[in-house]
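Listing of query_22.cif, mmCIF, C-alpha atoms
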data_model
loop_
_atom_site.label_atom_id
_atom_site.label_comp_id
_atom_site.auth_asym_id
_atom_site.auth_seq_id
_atom_site.Cartn_x
_atom_site.Cartn_y
_atom_site.Cartn_z
CA MET A 1 161.10 127.57 85.31
CA GLY A 2 159.91 128.02 88.81
CA SER A 3 162.12 127.65 91.78
CA THR A 4 161.31 125.59 94.80
CA ALA A 5 162.52 126.77 98.18
CA PHE A 6 162.97 124.51 101.12
CA TYR A 7 163.10 125.87 104.62
CA LEU A 8 164.49 124.16 107.65
CA VAL A 9 162.91 125.32 110.86
CA VAL A 10 165.06 124.94 113.92
CA LEU A 11 163.47 125.46 117.28
CA VAL A 12 166.12 127.09 119.40
CA GLY A 13 165.84 126.53 123.11
CA GLU A 14 163.07 123.97 122.85
CA SER A 15 163.77 120.34 123.41
CA LEU A 16 161.57 117.64 122.00
CA PRO A 17 160.75 114.71 124.28
CA MET A 18 163.21 111.90 123.90
CA PRO A 19 161.40 108.57 123.61
CA VAL A 20 164.51 106.51 124.33
CA VAL A 21 165.20 105.37 127.87
CA THR A 22 168.92 105.36 128.66
CA MET A 23 170.59 102.76 130.81
CA SER A 24 171.32 105.31 133.54
CA GLU A 25 167.65 106.37 133.57
CA MET A 26 166.54 102.76 133.87
CA VAL A 27 168.96 102.10 136.74
CA ALA A 28 167.73 105.23 138.53
CA ALA A 29 164.08 104.27 138.01
CA LEU A 30 164.74 100.77 139.30
CA ARG A 31 166.59 102.24 142.29
CA ALA A 32 163.54 104.41 143.07
CA THR A 33 161.15 101.45 142.86
CA VAL A 34 162.48 97.93 143.43
CA GLY A 35 165.68 99.33 144.94
CA LYS A 36 163.73 100.43 147.99
CA ARG A 37 163.30 96.76 148.84
CA GLY A 38 167.01 96.48 149.48
CA MET A 39 168.28 95.39 146.07
CA SER A 40 172.01 96.01 145.71
CA GLU A 41 173.39 98.48 143.18
CA GLU A 42 175.03 95.62 141.29
CA ASP A 43 171.71 93.76 141.06
CA LEU A 44 169.93 96.95 139.95
CA ARG A 45 172.41 97.40 137.12
CA ALA A 46 172.08 93.73 136.11
CA LEU A 47 168.28 94.04 136.11
CA ALA A 48 168.45 97.21 134.00
CA ASP A 49 170.77 95.51 131.51
CA TYR A 50 168.51 92.44 131.43
CA LEU A 51 165.39 94.56 130.87
CA MET A 52 166.96 96.79 128.22
CA SER A 53 168.16 93.71 126.31
CA PHE A 54 164.52 93.06 125.43
CA PHE A 55 163.77 96.64 124.35
CA GLY A 56 166.98 98.08 122.92
CA PHE A 57 166.11 101.48 121.46
CA GLU A 58 162.42 100.63 121.19
CA THR A 59 159.63 101.16 123.68
CA GLU A 60 157.81 97.90 122.95
CA ALA A 61 158.81 94.25 123.20
CA ILE A 62 156.73 91.35 121.96
CA ASP A 63 155.60 88.95 124.67
CA ASN A 64 156.42 85.87 122.55
CA ASN A 65 160.13 86.55 123.14
CA LEU A 66 159.74 85.99 126.89
CA ASP A 67 159.92 82.75 128.81
CA VAL A 68 158.06 82.18 132.08
CA ALA A 69 160.83 83.61 134.30
CA ASP A 70 161.16 86.69 132.08
CA ARG A 71 157.41 87.24 132.20
CA ASP A 72 157.45 87.07 136.02
CA VAL A 73 160.02 89.86 136.10
CA PHE A 74 157.96 91.92 133.65
CA TYR A 75 154.83 91.47 135.80
CA MET A 76 156.78 92.66 138.84
CA LEU A 77 157.95 95.75 136.91
CA GLU A 78 154.39 96.33 135.72
CA GLU A 79 153.28 96.41 139.36
CA GLU A 80 156.00 99.00 140.03
CA GLY A 81 154.63 101.16 137.23
CA LEU A 82 157.60 100.84 134.85
CA LEU A 83 155.88 98.66 132.24
CA THR A 84 152.41 98.29 130.81
CA THR A 85 150.88 96.02 128.17
CA ARG A 86 148.78 96.18 125.06
CA GLN A 87 147.45 93.59 122.69
CA GLU A 88 146.61 93.48 119.03
CA GLU A 89 144.38 91.05 117.17
CA VAL A 90 145.33 89.94 113.68
CA MET A 91 143.31 87.75 111.32
CA ILE A 92 145.39 84.83 110.07
CA LYS A 93 144.84 82.83 106.83
CA LYS A 94 142.68 80.17 108.44
CA GLY A 95 140.18 82.84 109.44
CA LYS A 96 141.16 82.76 113.09
CA MET A 97 142.11 85.70 115.28
CA TRP A 98 145.67 85.74 116.56
CA ARG A 99 146.41 87.86 119.63
CA ILE A 100 149.80 89.50 119.92
CA HIS A 101 150.76 90.83 123.33
CA TYR A 102 153.30 93.63 123.77
CA TRP A 103 155.14 94.96 126.80
CA ILE A 104 155.58 98.72 126.74
CA LEU A 105 158.10 100.84 128.63
CA ARG A 106 156.34 103.67 130.45
CA VAL A 107 158.94 106.16 129.26
CA GLU A 108 157.57 109.28 130.94
CA ARG A 109 157.20 107.50 134.26
CA ILE A 110 160.68 105.98 134.04
CA LYS A 111 162.17 109.39 133.26
CA ALA A 112 160.23 110.90 136.18
CA PHE A 113 161.58 108.25 138.55
CA ALA A 114 165.07 108.85 137.16
CA LYS A 115 165.05 112.58 137.93
CA PRO A 116 166.94 113.44 141.09
CA GLN A 117 164.49 113.97 143.89
CA ARG A 118 164.92 116.96 146.16
CA PRO A 119 165.47 115.74 149.68
CA ARG A 120 162.46 116.51 151.79
CA ALA A 121 163.08 118.71 154.75
CA ASP A 122 162.03 116.95 157.91
CA VAL A 123 159.02 118.89 159.01
CA ASN A 124 158.45 118.72 162.72
CA ALA A 125 155.08 120.24 163.48
CA PHE A 126 156.06 120.73 167.11
CA ALA A 127 159.37 122.49 166.39
CA VAL A 128 157.72 125.86 166.99
CA TYR A 129 157.53 125.02 170.71
CA ASP A 130 161.29 124.54 170.88
CA THR A 131 161.79 128.27 170.27
CA LEU A 132 159.55 129.36 173.16
CA PRO A 133 161.14 130.18 176.52
CA ASP A 134 160.48 127.70 179.32
CA ASP A 135 158.65 130.22 181.51
CA ILE A 136 155.95 130.72 178.87
CA TRP A 137 154.11 127.73 180.29
CA THR A 138 153.88 129.26 183.76
CA ARG A 139 152.49 132.63 182.74
CA GLN A 140 148.84 133.41 183.28
CA LEU A 141 146.68 135.87 181.48
CA PRO A 142 145.01 138.54 183.58
CA ALA A 143 141.33 137.92 184.26
CA ARG A 144 138.89 140.07 182.29
#
In structure tokens, write the structure found in this file.
Amino acid sequence: MGSTAFYLVVLVGESLPMPVVTMSEMVAALRATVGKRGMSEEDLRALADYLMSFFGFETEAIDNNLDVADRDVFYMLEEEGLLTTRQEEVMIKKGKMWRIHYWILRVERIKAFAKPQRPRADVNAFAVYDTLPDDIWTRQLPAR
């Protein structure tokens, strides 16, 4: 009888991309996009909860589950770059094509928005002149 060996390969130190968007990541992404329009933190959290209720642990939600108001919110989030769409065509029994529309979380983009941004140092191009002594402007170069 032959023996069969099974090996489990564990990649130490490497992390595989996580396709799930967490609630805190969604709130942070919303803060970085629609939050810049002055939306309160409470409203951002409510919007994140509302949005995630359609997706759960998935990255796609079927458009048929949305009503008109929901769809308006999804279009707004698509404009912000947090969602995108795709469609699929399926042949039904009567020989007709049925289009199914899906909303897709842009996971990588959401996670990028959710990462803490380093504060930009205010760069003043004229700051170099602040370090010069006042009399520098009155000096003259000798004639050649």
Chain and number of each residue from the PyMOL selection byres ((chain A and resi 112) around 12), as a PyMOL selection string: chain A and resi 21+25-26+28-30+32-33+81-82+106-111+113-117
From the set A:Ile136, A:Met52, A:Met97, A:Ile104, which residue has the shortest atom-to-atom contact distance to A:Tyr75, counting all atoms listed in the file?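 Of A:Ile136, A:Met52, A:Met97, A:Ile104, the one nearest A:Tyr75 is A:Ile104, counting all atoms listed in the file.
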Exactly which residues make up the result of the PyMOL selection byres ((chain A and resi 64-67) around 12) on this file, given as a PyMOL selection string? chain A and resi 50-51+53-55+60-63+68-75+87+99-103
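Between atom CA of A:Arg86 and atom CA of A:Gly56 lies a distance of 18.4 Å.
If you measure from each of A:Phe57, A:Leu77, A:Thr85, A:Gln140 to A:Gly35 using all atoms listed in the file, the closest one turns out to be A:Leu77.
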Determine the axis-aligned bounding box of all atoms of stretch 136-143 of chain A present in the file, pad each side by 6 Å, and express its centre and edge lengths in Å to one decimal place as AutoDock Vina command-line options.
--center_x 148.6 --center_y 133.1 --center_z 181.6 --size_x 26.6 --size_y 22.8 --size_z 17.4
Because some atoms of stretch 21-50 of chain A are absent here, can you restore N, CA and C atoms and send them as a PDB file, keeping the file's coordinate frame?
ATOM      1  N   VAL A  21     164.794 105.454 126.476  1.00  0.00           N
ATOM      2  CA  VAL A  21     165.200 105.370 127.870  1.00  0.00           C
ATOM      3  C   VAL A  21     166.662 104.940 127.902  1.00  0.00           C
ATOM      4  N   THR A  22     167.498 105.714 128.567  1.00  0.00           N
ATOM      5  CA  THR A  22     168.920 105.360 128.660  1.00  0.00           C
ATOM      6  C   THR A  22     169.126 104.362 129.789  1.00  0.00           C
ATOM      7  N   MET A  23     170.267 103.733 129.769  1.00  0.00           N
ATOM      8  CA  MET A  23     170.590 102.760 130.810  1.00  0.00           C
ATOM      9  C   MET A  23     170.654 103.434 132.180  1.00  0.00           C
ATOM     10  N   SER A  24     171.228 104.625 132.245  1.00  0.00           N
ATOM     11  CA  SER A  24     171.320 105.310 133.540  1.00  0.00           C
ATOM     12  C   SER A  24     169.933 105.693 134.053  1.00  0.00           C
ATOM     13  N   GLU A  25     169.023 106.063 133.154  1.00  0.00           N
ATOM     14  CA  GLU A  25     167.650 106.370 133.570  1.00  0.00           C
ATOM     15  C   GLU A  25     166.954 105.120 134.094  1.00  0.00           C
ATOM     16  N   MET A  26     167.176 104.000 133.431  1.00  0.00           N
ATOM     17  CA  MET A  26     166.540 102.760 133.870  1.00  0.00           C
ATOM     18  C   MET A  26     167.071 102.334 135.235  1.00  0.00           C
ATOM     19  N   VAL A  27     168.376 102.454 135.437  1.00  0.00           N
ATOM     20  CA  VAL A  27     168.960 102.100 136.740  1.00  0.00           C
ATOM     21  C   VAL A  27     168.373 103.002 137.827  1.00  0.00           C
ATOM     22  N   ALA A  28     168.283 104.294 137.548  1.00  0.00           N
ATOM     23  CA  ALA A  28     167.730 105.230 138.530  1.00  0.00           C
ATOM     24  C   ALA A  28     166.272 104.938 138.834  1.00  0.00           C
ATOM     25  N   ALA A  29     165.491 104.603 137.802  1.00  0.00           N
ATOM     26  CA  ALA A  29     164.080 104.270 138.010  1.00  0.00           C
ATOM     27  C   ALA A  29     163.939 102.986 138.817  1.00  0.00           C
ATOM     28  N   LEU A  30     164.770 102.009 138.533  1.00  0.00           N
ATOM     29  CA  LEU A  30     164.740 100.770 139.300  1.00  0.00           C
ATOM     30  C   LEU A  30     165.158 101.023 140.756  1.00  0.00           C
ATOM     31  N   ARG A  31     166.138 101.891 140.943  1.00  0.00           N
ATOM     32  CA  ARG A  31     166.590 102.240 142.290  1.00  0.00           C
ATOM     33  C   ARG A  31     165.439 102.872 143.089  1.00  0.00           C
ATOM     34  N   ALA A  32     164.653 103.711 142.406  1.00  0.00           N
ATOM     35  CA  ALA A  32     163.540 104.410 143.070  1.00  0.00           C
ATOM     36  C   ALA A  32     162.343 103.501 143.322  1.00  0.00           C
ATOM     37  N   THR A  33     162.301 102.354 142.690  1.00  0.00           N
ATOM     38  CA  THR A  33     161.150 101.450 142.860  1.00  0.00           C
ATOM     39  C   THR A  33     161.588 100.169 143.561  1.00  0.00           C
ATOM     40  N   VAL A  34     162.094  99.215 142.826  1.00  0.00           N
ATOM     41  CA  VAL A  34     162.480  97.930 143.430  1.00  0.00           C
ATOM     42  C   VAL A  34     163.706  98.066 144.316  1.00  0.00           C
ATOM     43  N   GLY A  35     164.495  99.101 144.109  1.00  0.00           N
ATOM     44  CA  GLY A  35     165.680  99.330 144.940  1.00  0.00           C
ATOM     45  C   GLY A  35     165.345  99.624 146.376  1.00  0.00           C
ATOM     46  N   LYS A  36     164.148 100.125 146.616  1.00  0.00           N
ATOM     47  CA  LYS A  36     163.730 100.430 147.990  1.00  0.00           C
ATOM     48  C   LYS A  36     163.507  99.167 148.811  1.00  0.00           C
ATOM     49  N   ARG A  37     163.465  98.040 148.142  1.00  0.00           N
ATOM     50  CA  ARG A  37     163.300  96.760 148.840  1.00  0.00           C
ATOM     51  C   ARG A  37     164.636  96.182 149.286  1.00  0.00           C
ATOM     52  N   GLY A  38     165.698  96.919 149.033  1.00  0.00           N
ATOM     53  CA  GLY A  38     167.010  96.480 149.480  1.00  0.00           C
ATOM     54  C   GLY A  38     167.860  95.827 148.412  1.00  0.00           C
ATOM     55  N   MET A  39     167.497  95.979 147.153  1.00  0.00           N
ATOM     56  CA  MET A  39     168.280  95.390 146.070  1.00  0.00           C
ATOM     57  C   MET A  39     169.609  96.129 145.954  1.00  0.00           C
ATOM     58  N   SER A  40     170.682  95.398 145.794  1.00  0.00           N
ATOM     59  CA  SER A  40     172.010  96.010 145.710  1.00  0.00           C
ATOM     60  C   SER A  40     172.173  96.767 144.398  1.00  0.00           C
ATOM     61  N   GLU A  41     173.122  97.681 144.383  1.00  0.00           N
ATOM     62  CA  GLU A  41     173.390  98.480 143.180  1.00  0.00           C
ATOM     63  C   GLU A  41     173.816  97.575 142.025  1.00  0.00           C
ATOM     64  N   GLU A  42     174.586  96.565 142.322  1.00  0.00           N
ATOM     65  CA  GLU A  42     175.030  95.620 141.290  1.00  0.00           C
ATOM     66  C   GLU A  42     173.835  94.873 140.682  1.00  0.00           C
ATOM     67  N   ASP A  43     172.903  94.455 141.545  1.00  0.00           N
ATOM     68  CA  ASP A  43     171.710  93.760 141.060  1.00  0.00           C
ATOM     69  C   ASP A  43     170.799  94.698 140.269  1.00  0.00           C
ATOM     70  N   LEU A  44     170.726  95.964 140.688  1.00  0.00           N
ATOM     71  CA  LEU A  44     169.930  96.950 139.950  1.00  0.00           C
ATOM     72  C   LEU A  44     170.470  97.132 138.540  1.00  0.00           C
ATOM     73  N   ARG A  45     171.796  97.233 138.439  1.00  0.00           N
ATOM     74  CA  ARG A  45     172.410  97.400 137.120  1.00  0.00           C
ATOM     75  C   ARG A  45     172.208  96.163 136.249  1.00  0.00           C
ATOM     76  N   ALA A  46     172.308  94.985 136.859  1.00  0.00           N
ATOM     77  CA  ALA A  46     172.080  93.730 136.110  1.00  0.00           C
ATOM     78  C   ALA A  46     170.634  93.655 135.635  1.00  0.00           C
ATOM     79  N   LEU A  47     169.696  94.053 136.486  1.00  0.00           N
ATOM     80  CA  LEU A  47     168.280  94.040 136.110  1.00  0.00           C
ATOM     81  C   LEU A  47     168.011  95.038 134.984  1.00  0.00           C
ATOM     82  N   ALA A  48     168.620  96.205 135.061  1.00  0.00           N
ATOM     83  CA  ALA A  48     168.450  97.210 134.000  1.00  0.00           C
ATOM     84  C   ALA A  48     169.007  96.686 132.679  1.00  0.00           C
ATOM     85  N   ASP A  49     170.164  96.069 132.716  1.00  0.00           N
ATOM     86  CA  ASP A  49     170.770  95.510 131.510  1.00  0.00           C
ATOM     87  C   ASP A  49     169.888  94.392 130.940  1.00  0.00           C
ATOM     88  N   TYR A  50     169.393  93.542 131.812  1.00  0.00           N
ATOM     89  CA  TYR A  50     168.510  92.440 131.430  1.00  0.00           C
ATOM     90  C   TYR A  50     167.252  92.995 130.761  1.00  0.00           C
TER      91      TYR A  50
END
